[in-house]
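I have placed the structure first, in the form of structure tokens, so that the comments after it can refer back to it.
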Amino acid sequence: MIAVLCERATDRPPGLDRLPADFRYCAADGLHEAVRGARALMLWDFFSTAVRDVWADADALEWIHVTAAGVDTLLFDELRDSPVVVTNAHGVFDRPIAEYVLGAVIANAKDSLRSFDLQRGRRWQHRETRSVLGAKALVVGTGAIGRETARLLRAAGLEVRGAGRVARGDDPDFGEIVASSNLAAEVGWADHVVIAAPLTTATRGLVDATVLGALRPGAHLVNIARGPIVDETALLAAVRDGRIAATLDVFDNEPLPPDSPLWDAPNVTVTAHMSGDVIGWRDTLADQFAANVGRWLAGEPLLNIVDKKLGYIPTGDR
């Protein structure tokens, strides 16, 4: 028996009915019943926090799969301390997010926001823009998404460094990795700072007023990770001062409230947590889970197992 938590009970992942398993589909208000006796749980509604509320009903649970790269909204102490295995959608979003970041970097260099404003005003204003060739990018987070981002930025001609838990040299994707604990001393090197780290106790609030103040004038911040990694109040002050620009796909509160000042902030691009969501992504997520169900039913090791203490898959120091 596998329970599947959906945003709506009718919004089901495609193709699961072909698997040799029984599925219970539910929304959050029905999870307490669906999880009873279930040996596995798929979080199709991957931002839901409902699992914590029904934990006492999860009497047979062995495995939880989250259809997202980040698992920060799922983890809580009782789950961390339990033998329940957690897997995620590792690999699905790497290339799409890297493409989003490259697009954001090019749009910033080519002053696209200004071009859109001029077009709406029917104003012809010739300008010179910057090349991305030789620009410097610091990617904060050296997991799979950060690495794919680094590879794509390098291919476009940027000089790239990473920032992770442990500083080291000669990395195949980043060249040099600096310590994220010393981020304020490192960000001044970069024209573009990309946040690609998981949200953990170590990264929450990592990009604070001190780090933002250390960015070089005209720098560009891209956040495709989680909103709470960046201090939104300090970021708003920085963009209003005209010191930096920002491309933001994630926020403290989502959906971003209509009255948020970030909507109208200067030199800010807002997208609706969609950097990894390319056409067909839901089919890919469902196929990935189905493949892992096949392994689970056959008694084979599951793929993409998350270290519940760290909060991510330990494929390298983040």
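For the structure tokens, the naming scheme is as follows: chains receive sequential letters (A, B, ...) according to their order of presentation, residues are indexed from 1 within each chain, and ligands are indexed from 1 in presentation order.
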Which of stretch 8-49 of chain A DSSP labels strand (DSSP E), written as a PDB file with C-alpha atoms, in the first residue's frame:
ATOM      1  CA  PHE A  23      -2.385   3.397  -4.153  1.00  0.00           C
ATOM      2  CA  ARG A  24      -4.427   5.659  -1.910  1.00  0.00           C
ATOM      3  CA  TYR A  25      -4.711   9.179  -3.253  1.00  0.00           C
ATOM      4  CA  CYS A  26      -5.612  11.993  -0.901  1.00  0.00           C
ATOM      5  CA  ALA A  40       5.287   4.121   1.475  1.00  0.00           C
ATOM      6  CA  LEU A  41       4.226   7.721   0.961  1.00  0.00           C
ATOM      7  CA  MET A  42       4.721   9.864  -2.118  1.00  0.00           C
ATOM      8  CA  LEU A  43       4.526  13.607  -1.618  1.00  0.00           C
TER       9      LEU A  43
END
10 Å contact set for A:Ala202, only C-alpha atoms, chain neighbours under 3 positions out, as a ChimeraX atom specification: /A:165,180-181,198-199,205-206,229,310
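Using only C-alpha atoms, the smallest distance between any of A:Val139, A:Leu297, A:Leu303, A:Ala225 and A:Asp72 comes from A:Ala225.
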Report as a ChimeraX atom specification all protein, DNA and RNA residues lying within 9 Å of A:Asp287, evaluated on only C-alpha atoms, omitting residues in the same chain fewer than 3 positions from it. /A:14-16,282-284,290-292
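Summary of the local environment: counting only C-alpha atoms, residues at most 7 Å from A:Ile224, other than itself and those fewer than 3 positions away along its chain, are Ile195, Ala196, Leu248, Asp249, Val250 and Ser275 of chain A.
Counting only C-alpha atoms, stretch 128-131 of chain A has the following residues at most 6 Å away, ignoring those fewer than 2 positions along the same chain: A:Ala109, A:Lys110, A:Leu133.
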As a ChimeraX atom specification, please: the residues near A:Gly30 (cut-off 12 Å, only C-alpha atoms, same-chain neighbours under 4 positions excluded). /A:3-9,24-26,34-36,50-51,53-54,57
Please return, as an MDAnalysis selection string, all residues of stretch 6-156 of chain A that DSSP assigns to alpha helix (DSSP H) on the basis of the backbone. chainID A and resid 31:34 50:53 77:80 94:109 112:120 144:155
Fewer than 6 positions away in the same chain doesn't count, so skip those; otherwise give me all residues within 12 Å of A:Phe46, counting only C-alpha atoms, as a ChimeraX atom specification. /A:4-7,27-28,64-75,87-89,282,285
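Shortest atom-to-atom contact with A:Val207 among A:Ile244, A:Val140, A:Val230, A:Ala104: A:Val230, counting only C-alpha atoms.
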Let me make sure I understand: among A:Gly188, A:Gly280, A:Gly218, A:Gly164, which one has the smallest atom-to-atom distance to A:Ala245 if we use only C-alpha atoms? A:Gly218
Counting only C-alpha atoms, which residue out of A:Glu62, A:Asp277, A:Glu176, A:Asp208 sits closest to A:Leu236? A:Asp208
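Of the residues listed (A:Ala144, A:Gly311, A:Ala163, A:Ile97), A:Ile97 shows the shortest atom-to-atom separation from A:Asn223; distances use only C-alpha atoms.
In this model, the gap between atom CA of A:Val187 and atom CA of A:Lys308 comes to 29.5 Å.
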